[in-house]
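Novice: Would you mind keeping the following structure in view while I ask a few things?
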Amino acid sequence: MKQVTELGSQLLQTLWWRLGGCRGLTTRAVQESLRESEPLLGSVRPFEAIPQSQSNPWTKMLRIWKDNGYENLHLETQKNFQKLGPIYRDKMGTLSTVHIIMPQDVEKVMKAEGQFPQRNQMIPWLKHRQSRKLKYGIFLLNGKEWFNDRVKLNQEVLSLRSTGQYIPFLNSVCQDFVKCLNNQIQKNVRKSLTFNICPYVFRFTMEAGTYVLYGERLGLLSNNPNPEGLRFIQAMSNMLSSTSLLLYTPLVLSQLINSKLWKLHLESWDDIFQYADKCIQKIYQEMCLNGSPQYSGIMAELLARADLSLDAIKVNITELTAGSVETTAFPLVATLFELARNQDLQSALRAETKEAETRLKEQPQLLVKELPLLRASIKETLRLYPVGSVIHRYLAKDTVLQNYHVPAGTLIEISLYAMGRSPEIFVRPERYDPSRWLAPSSEQSNNQISNFRFLFFGFGIRQCIGRRLAESEMLLLLHHILKNFHVETLCKDNLDLTYRFVLHPKSFPLFTLRELN
């Protein structure tokens with residue numbers, strides 16, 4: 001563990017950023033080029049020839065049990081790419097994977113994933129559904145059943161039409177978030193607020209997500225938050241933290257040695273489903289009695305369409321809620337951190353948001369189009385701080401990756417953290433530079449503008465179904481913060497990341513917000 005800790009300190013040094021002269025992550029591992037696989041003339045190399053990690057798979061399991069997780073998994077993966085090249089085999093416990101990093105290989109994987117792409121199963125989540133005799137949602141389904149449910153959900157969750165309908169919901173939550181911070185600022189004679197913003201952003205993402213999904217506010221941004229909403233947040237937190245500790249342990253063994261953790265995990269899911277049950281009962285009764293004359297959230301729209309069963313709607317909305325909180329909250333905090341360290345960029349973004357204010361009031365669905373620099377900043381944050389640090393796919397057919405034969409049925413792991421910090425893929429990856437996402441795709445010299453270099457939301461027909469909701473939440477909240485507050489921090493150190501099912505900062509810097517004149 002000492003060696004891993006030392007590696008972490010080497011990889012995460014001081015980051016200095018300013019527009020036109022970006023702050024550099026002075027890391028040896030990032031700056032070294034990936035060792036390209038040596039070409040083999042005449043034939044494709046066999047699967048067994050793929051370089052293999054020498055770490056003991058059961059030592060990794062013991063480390064998870066001992067340390068309550070695998071905090072430096074992303075750093076060890078990056079180190080393996082530096083040592084073994086752009087493709088390697090690995091094993092953790094009983095789980096065998098082939099790791100890749102290059103965008104051209106991701107494109108090949110997409111072409112070989114078949115009509116119904118499959119990813120590895122979330123065993124702790126599956127165990128809850130099985131023990132409670134609940135239907136699976138699209139996060140857990142595979143095959144034709146997944147495809148049928150996904151197509152029906154896309155129309156109300158992922159389409160541009162539905163995005164335009166729920167943006168006013170998000171906008172009202174953003175306005176309440178600003179009011180909440182303003183109330184705190186007014187209590188300070190210096191007319192500023194210095195605090196850890198993460199709990200506030202966490203509440204925002206929960207409030208915004210549940211409002212869009214259920215059409216009902218939790219009341220988390222008021223001075224006296226709803227106790228039911230706070231219980232819901234605690235259940236979500238317990239479920240996500242316990243998932244990471246149970247995910248890589250063989251089921252039978254983990255049930256023997258982690259019975260209390262299993263109990264916490266299952267009961268947390270029960271609390272989450274109980275909230276969804278209450279919402280669906282209320283919405284169903286109100287629609288039966290009064291109809292639905294206006295848009296009132298995604299769940300109501302799915303009920304009105306009636307092409308999914310009540311059980312399917314409940315489990316999918318619940319899983320959407322579970323997958324939409326931390327994955328949105330942490331990128332928001334990381335973006336604010338980078339803007340606080342780079343006042344020039346913050347000023348440029350504020351100018352953009354003020355210039356677009358009138359048009360966005362008239363046509364809020366233009367959110368993405370009207371704020372290109374802000375959207376590029378979010379993409380840059382997700383490149384350096386990918387909350388979902390890996391993507392998994394099973395190959396549906398044999399394929400060739402880096403001139404190695406990889407058979408059908410192989411589990412592929414695409415490492416987003418290592419990809420985002422690779423100089424083979426991004427020019428000067430140590431820089432926080434949103435402009436890299438604004439260069440015209442016609443510029444051949446800028447080969448980073450590619451769908452297979454920005455993979456935070458996945459790819460293909462199994463990309464994240466909550467993508468548009470997450471993007472809209474992040475864009476709107478940052479838009480409101482920038483037009484109301486000046487954001488500052490004294491912290492100059494990089495965010496030290498840790499892996500706990502999702503990748504997030506170990507600790508959060510203090511932010512100071514000041515009202516704009």
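Ordering of the structure tokens sets the chain letters (A, B, ...), residue numbers begin anew at 1 in every chain, and ligands are numbered from 1 in the order given.
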Extract, using only C-alpha atoms, all DNA, RNA and protein residues at most 10 Å from Leu366 of chain A, discarding same-chain residues fewer than 5 positions from it, and format them as an MDAnalysis selection string.
Specialist: chainID A and resid 164 356 359:361 371
Novice: Can you pull out every residue within 10 Å of segment 499-514 of chain A, counting only C-alpha atoms, but drop anything in the same chain fewer than 5 positions away, and send it as a ChimeraX atom specification?
Specialist: /A:68-75,181-182,185,190-198,240-247,326-327,329-331,333-334,336-337,340,385-390,417,481,484-494
Novice: Report the distance between atom CA of Leu251 of chain A and atom CA of Gln121 of chain A in Å, rounded to one decimal place.
Specialist: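 Result for atom CA of Leu251 of chain A versus atom CA of Gln121 of chain A: 12.3 Å, one decimal.
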Novice: Just asking: which residues within segment 272-319 of chain A are alpha helix (DSSP H) according to DSSP, as a PyMOL selection string?
Specialist: chain A and resi 272-290+298-305+310-319
Novice: May I ask for the distance between atom CA of Leu477 of chain A and atom CA of Thr321 of chain A, given in Å to one decimal place?
Specialist: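 Straight-line distance from atom CA of Leu477 of chain A to atom CA of Thr321 of chain A works out to 18.2 Å.
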Novice: Write out as a PyMOL selection string the residues lying within 9 Å of Ile412 of chain A, counting only C-alpha atoms and excluding same-chain residues fewer than 3 positions away.
Specialist: chain A and resi 97-100+109+119+391-395
Novice: What does the file look like for those residues with N, CA and C atoms, as a compact mmCIF listing (two decimals), in the first residue's frame?
Specialist:
# COMPACT_ATOMS: atom_id res chain seq x y z
N THR A 97 -10.93 -9.50 -16.96
CA THR A 97 -11.23 -8.40 -17.88
C THR A 97 -10.06 -8.15 -18.81
N VAL A 98 -10.37 -7.56 -19.96
CA VAL A 98 -9.36 -7.02 -20.85
C VAL A 98 -9.52 -5.51 -20.83
N HIS A 99 -8.45 -4.79 -20.47
CA HIS A 99 -8.49 -3.34 -20.34
C HIS A 99 -7.99 -2.68 -21.62
N ILE A 100 -8.72 -1.68 -22.09
CA ILE A 100 -8.28 -0.91 -23.25
C ILE A 100 -8.39 0.57 -22.93
N VAL A 109 -14.93 -2.06 -30.28
CA VAL A 109 -15.77 -2.72 -29.28
C VAL A 109 -17.24 -2.42 -29.55
N ARG A 119 -23.36 -5.53 -20.39
CA ARG A 119 -22.29 -5.12 -19.50
C ARG A 119 -22.32 -6.02 -18.27
N ILE A 391 -16.04 1.87 -18.24
CA ILE A 391 -17.20 1.37 -18.97
C ILE A 391 -16.95 -0.10 -19.28
N HIS A 392 -17.96 -0.94 -19.11
CA HIS A 392 -17.82 -2.37 -19.38
C HIS A 392 -18.72 -2.78 -20.53
N ARG A 393 -18.22 -3.68 -21.35
CA ARG A 393 -19.01 -4.30 -22.41
C ARG A 393 -18.52 -5.75 -22.62
N TYR A 394 -19.46 -6.65 -22.89
CA TYR A 394 -19.12 -7.99 -23.33
C TYR A 394 -19.12 -8.01 -24.85
N LEU A 395 -18.10 -8.62 -25.43
CA LEU A 395 -18.05 -8.74 -26.89
C LEU A 395 -19.06 -9.79 -27.35
Novice: For atom CA of Val44 of chain A and atom CA of Asn403 of chain A, quote the distance in Å rounded to one decimal.
Specialist: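 These two atoms are separated by 5.4 Å.
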Novice: So, with only C-alpha atoms as the atoms that count, which of A:Gln82, A:Asn148, A:Gln285, A:Ser324 lies closest to Arg203 of chain A?
Specialist: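 Between A:Gln82, A:Asn148, A:Gln285, A:Ser324, the residue approaching Arg203 of chain A most closely is A:Ser324.
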Novice: List the spatial neighbours of Lys314 of chain A as a ChimeraX atom specification - criterion: any atom at most 9 Å away, only C-alpha atoms, same-chain residues fewer than 3 positions off excluded.
Specialist: /A:137,273,276-277,280,299,309-311,317-319
Novice: Select, from A:Trp262, A:Tyr166, A:Phe454, A:Phe426, the residue with the minimum atom-to-atom distance to Lys379 of chain A, counting only C-alpha atoms.
Specialist: A:Phe454
Novice: Could you check the closest approach to Gln255 of chain A for each of A:Leu438, A:Leu221, A:Ile123, A:Leu170 and tell me which residue wins, using only C-alpha atoms?
Specialist: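 Looking at the shortest contact to Gln255 of chain A, the residue is A:Ile123.
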Novice: Would you mind listing what lies within 9 Å of Asp270 of chain A as a PDB file with N, CA, C and O atoms, in the first residue's frame, with only C-alpha atoms counted and same-chain residues fewer than 5 positions away left out?
Specialist:
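Output file out_11.pdb is given in full below:
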ATOM      1  N   HIS A 128     -30.785  -7.608  -4.329  1.00  0.00           N
ATOM      2  CA  HIS A 128     -31.950  -6.946  -3.735  1.00  0.00           C
ATOM      3  C   HIS A 128     -33.206  -7.250  -4.533  1.00  0.00           C
ATOM      4  O   HIS A 128     -34.254  -7.597  -3.963  1.00  0.00           O
ATOM      5  N   ARG A 132     -36.394  -9.464  -3.037  1.00  0.00           N
ATOM      6  CA  ARG A 132     -37.684  -8.778  -2.865  1.00  0.00           C
ATOM      7  C   ARG A 132     -38.661  -9.117  -3.981  1.00  0.00           C
ATOM      8  O   ARG A 132     -39.756  -8.562  -4.046  1.00  0.00           O
ATOM      9  N   ALA A 235     -30.547   7.125   2.659  1.00  0.00           N
ATOM     10  CA  ALA A 235     -30.685   5.796   2.056  1.00  0.00           C
ATOM     11  C   ALA A 235     -29.876   5.702   0.766  1.00  0.00           C
ATOM     12  O   ALA A 235     -29.207   4.691   0.505  1.00  0.00           O
ATOM     13  N   HIS A 265     -27.319  -2.552   2.943  1.00  0.00           N
ATOM     14  CA  HIS A 265     -27.538  -2.352   1.513  1.00  0.00           C
ATOM     15  C   HIS A 265     -28.987  -2.662   1.131  1.00  0.00           C
ATOM     16  O   HIS A 265     -29.642  -1.859   0.439  1.00  0.00           O
ATOM     17  N   TYR A 275     -40.135   5.126  -1.147  1.00  0.00           N
ATOM     18  CA  TYR A 275     -40.421   6.483  -1.604  1.00  0.00           C
ATOM     19  C   TYR A 275     -41.027   6.457  -3.008  1.00  0.00           C
ATOM     20  O   TYR A 275     -42.006   7.175  -3.293  1.00  0.00           O
TER      21      TYR A 275
END
Novice: Please give the complete set of residues from segment 72-182 of chain A that DSSP, run on the backbone, assigns to strand (DSSP E), formatted as a ChimeraX atom specification.
Specialist: /A:87-92,95-100
Novice: Mind writing the picked residues with N, CA, C and O atoms as a JSON list (two decimals), in the first residue's frame?
Specialist:
[["chain", "number", "residue", "atom", "x", "y", "z"],
["A", 87, "ILE", "N", -3.23, -2.20, -24.10],
["A", 87, "ILE", "CA", -4.16, -3.29, -23.84],
["A", 87, "ILE", "C", -3.50, -4.26, -22.87],
["A", 87, "ILE", "O", -2.30, -4.56, -22.98],
["A", 88, "TYR", "N", -4.27, -4.74, -21.89],
["A", 88, "TYR", "CA", -3.73, -5.75, -20.99],
["A", 88, "TYR", "C", -4.87, -6.53, -20.34],
["A", 88, "TYR", "O", -6.02, -6.08, -20.31],
["A", 89, "ARG", "N", -4.53, -7.72, -19.84],
["A", 89, "ARG", "CA", -5.49, -8.55, -19.13],
["A", 89, "ARG", "C", -5.31, -8.39, -17.63],
["A", 89, "ARG", "O", -4.19, -8.18, -17.15],
["A", 90, "ASP", "N", -6.41, -8.53, -16.90],
["A", 90, "ASP", "CA", -6.34, -8.41, -15.45],
["A", 90, "ASP", "C", -7.43, -9.29, -14.84],
["A", 90, "ASP", "O", -8.37, -9.71, -15.52],
["A", 91, "LYS", "N", -7.29, -9.53, -13.53],
["A", 91, "LYS", "CA", -8.27, -10.34, -12.82],
["A", 91, "LYS", "C", -8.39, -9.82, -11.41],
["A", 91, "LYS", "O", -7.38, -9.52, -10.75],
["A", 92, "MET", "N", -9.62, -9.67, -10.95],
["A", 92, "MET", "CA", -9.88, -9.27, -9.56],
["A", 92, "MET", "C", -10.84, -10.29, -8.97],
["A", 92, "MET", "O", -11.99, -10.37, -9.38],
["A", 95, "LEU", "N", -13.31, -12.17, -11.33],
["A", 95, "LEU", "CA", -13.68, -11.36, -12.48],
["A", 95, "LEU", "C", -12.48, -11.12, -13.39],
["A", 95, "LEU", "O", -11.51, -10.48, -12.99],
["A", 96, "SER", "N", -12.53, -11.63, -14.63],
["A", 96, "SER", "CA", -11.45, -11.45, -15.61],
["A", 96, "SER", "C", -11.86, -10.39, -16.62],
["A", 96, "SER", "O", -13.00, -10.38, -17.10],
["A", 97, "THR", "N", -10.93, -9.50, -16.96],
["A", 97, "THR", "CA", -11.23, -8.40, -17.88],
["A", 97, "THR", "C", -10.06, -8.15, -18.81],
["A", 97, "THR", "O", -8.91, -8.47, -18.50],
["A", 98, "VAL", "N", -10.37, -7.56, -19.96],
["A", 98, "VAL", "CA", -9.36, -7.02, -20.85],
["A", 98, "VAL", "C", -9.52, -5.51, -20.83],
["A", 98, "VAL", "O", -10.61, -4.99, -21.11],
["A", 99, "HIS", "N", -8.45, -4.79, -20.47],
["A", 99, "HIS", "CA", -8.49, -3.34, -20.34],
["A", 99, "HIS", "C", -7.99, -2.68, -21.62],
["A", 99, "HIS", "O", -6.94, -3.08, -22.16],
["A", 100, "ILE", "N", -8.72, -1.68, -22.09],
["A", 100, "ILE", "CA", -8.28, -0.91, -23.25],
["A", 100, "ILE", "C", -8.39, 0.57, -22.93],
["A", 100, "ILE", "O", -9.10, 0.98, -22.01]]
Novice: Do you know which residues are at most 8 Å from Cys174 of chain A counting only C-alpha atoms, after dropping those on the same chain fewer than 2 positions away, and could you put them as a ChimeraX atom specification?
Specialist: /A:170-172,176-178,204,476-477,480
Novice: Just N, CA and C atoms for this one: save the residues we selected as a PDB file, in the first residue's frame.
Specialist:
ATOM      1  N   LEU A 170     -36.160  22.122 -13.764  1.00  0.00           N
ATOM      2  CA  LEU A 170     -34.785  22.302 -13.301  1.00  0.00           C
ATOM      3  C   LEU A 170     -34.507  23.773 -13.005  1.00  0.00           C
ATOM      4  N   ASN A 171     -35.023  24.640 -13.846  1.00  0.00           N
ATOM      5  CA  ASN A 171     -34.774  26.067 -13.682  1.00  0.00           C
ATOM      6  C   ASN A 171     -35.320  26.577 -12.351  1.00  0.00           C
ATOM      7  N   SER A 172     -36.484  26.090 -11.954  1.00  0.00           N
ATOM      8  CA  SER A 172     -37.067  26.537 -10.688  1.00  0.00           C
ATOM      9  C   SER A 172     -36.245  26.053  -9.498  1.00  0.00           C
ATOM     10  N   ASP A 176     -34.206  28.367  -6.628  1.00  0.00           N
ATOM     11  CA  ASP A 176     -34.290  28.147  -5.183  1.00  0.00           C
ATOM     12  C   ASP A 176     -32.910  27.929  -4.571  1.00  0.00           C
ATOM     13  N   PHE A 177     -32.011  27.287  -5.329  1.00  0.00           N
ATOM     14  CA  PHE A 177     -30.640  27.081  -4.866  1.00  0.00           C
ATOM     15  C   PHE A 177     -29.946  28.426  -4.667  1.00  0.00           C
ATOM     16  N   VAL A 178     -30.114  29.337  -5.627  1.00  0.00           N
ATOM     17  CA  VAL A 178     -29.527  30.678  -5.525  1.00  0.00           C
ATOM     18  C   VAL A 178     -30.107  31.420  -4.323  1.00  0.00           C
ATOM     19  N   PHE A 204     -29.026  19.734  -4.132  1.00  0.00           N
ATOM     20  CA  PHE A 204     -29.585  20.262  -5.377  1.00  0.00           C
ATOM     21  C   PHE A 204     -29.839  19.134  -6.377  1.00  0.00           C
ATOM     22  N   LEU A 476     -27.487  24.300 -16.278  1.00  0.00           N
ATOM     23  CA  LEU A 476     -28.385  25.294 -15.681  1.00  0.00           C
ATOM     24  C   LEU A 476     -27.878  25.789 -14.330  1.00  0.00           C
ATOM     25  N   LEU A 477     -27.403  24.873 -13.481  1.00  0.00           N
ATOM     26  CA  LEU A 477     -26.928  25.321 -12.171  1.00  0.00           C
ATOM     27  C   LEU A 477     -25.710  26.223 -12.312  1.00  0.00           C
ATOM     28  N   HIS A 480     -26.729  29.656 -13.479  1.00  0.00           N
ATOM     29  CA  HIS A 480     -27.314  30.486 -12.414  1.00  0.00           C
ATOM     30  C   HIS A 480     -26.252  30.952 -11.417  1.00  0.00           C
TER      31      HIS A 480
END
Novice: I want to know what sits within 10 Å of Cys464 of chain A, based on only C-alpha atoms, with residues of the same chain fewer than 5 positions away left out; could you give that as an MDAnalysis selection string?
Specialist: chainID A and resid 139 158 320 323 455:459 470
Novice: For the residues in that selection, give me N, CA and C atoms as an mmCIF file, in the first residue's frame.
Specialist:
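File written: selection_9.cif
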data_model
loop_
_atom_site.group_PDB
_atom_site.id
_atom_site.type_symbol
_atom_site.label_atom_id
_atom_site.label_comp_id
_atom_site.auth_asym_id
_atom_site.auth_seq_id
_atom_site.Cartn_x
_atom_site.Cartn_y
_atom_site.Cartn_z
ATOM 1 N N PHE A 139 -30.892 -0.871 -15.955
ATOM 2 C CA PHE A 139 -29.525 -0.903 -15.459
ATOM 3 C C PHE A 139 -29.063 -2.347 -15.264
ATOM 4 N N LEU A 158 -34.663 10.590 -22.799
ATOM 5 C CA LEU A 158 -33.493 10.978 -23.579
ATOM 6 C C LEU A 158 -33.813 11.882 -24.766
ATOM 7 N N LEU A 320 -33.014 5.164 -12.048
ATOM 8 C CA LEU A 320 -32.582 6.455 -12.595
ATOM 9 C C LEU A 320 -32.229 7.423 -11.470
ATOM 10 N N GLY A 323 -28.878 6.518 -9.972
ATOM 11 C CA GLY A 323 -27.719 6.773 -10.810
ATOM 12 C C GLY A 323 -27.485 8.220 -11.172
ATOM 13 N N LEU A 455 -16.341 9.901 -23.425
ATOM 14 C CA LEU A 455 -17.139 8.707 -23.178
ATOM 15 C C LEU A 455 -17.775 8.700 -21.794
ATOM 16 N N PHE A 456 -17.829 9.864 -21.144
ATOM 17 C CA PHE A 456 -18.337 9.878 -19.776
ATOM 18 C C PHE A 456 -19.744 9.302 -19.693
ATOM 19 N N PHE A 457 -20.564 9.530 -20.720
ATOM 20 C CA PHE A 457 -21.934 9.022 -20.721
ATOM 21 C C PHE A 457 -22.058 7.718 -21.510
ATOM 22 N N GLY A 458 -20.936 7.071 -21.779
ATOM 23 C CA GLY A 458 -20.981 5.819 -22.511
ATOM 24 C C GLY A 458 -21.045 6.043 -24.013
ATOM 25 N N PHE A 459 -21.463 5.016 -24.737
ATOM 26 C CA PHE A 459 -21.514 5.100 -26.196
ATOM 27 C C PHE A 459 -22.541 4.102 -26.724
ATOM 28 N N ALA A 470 -28.679 14.935 -16.895
ATOM 29 C CA ALA A 470 -27.462 15.324 -16.184
ATOM 30 C C ALA A 470 -26.829 16.564 -16.798
#
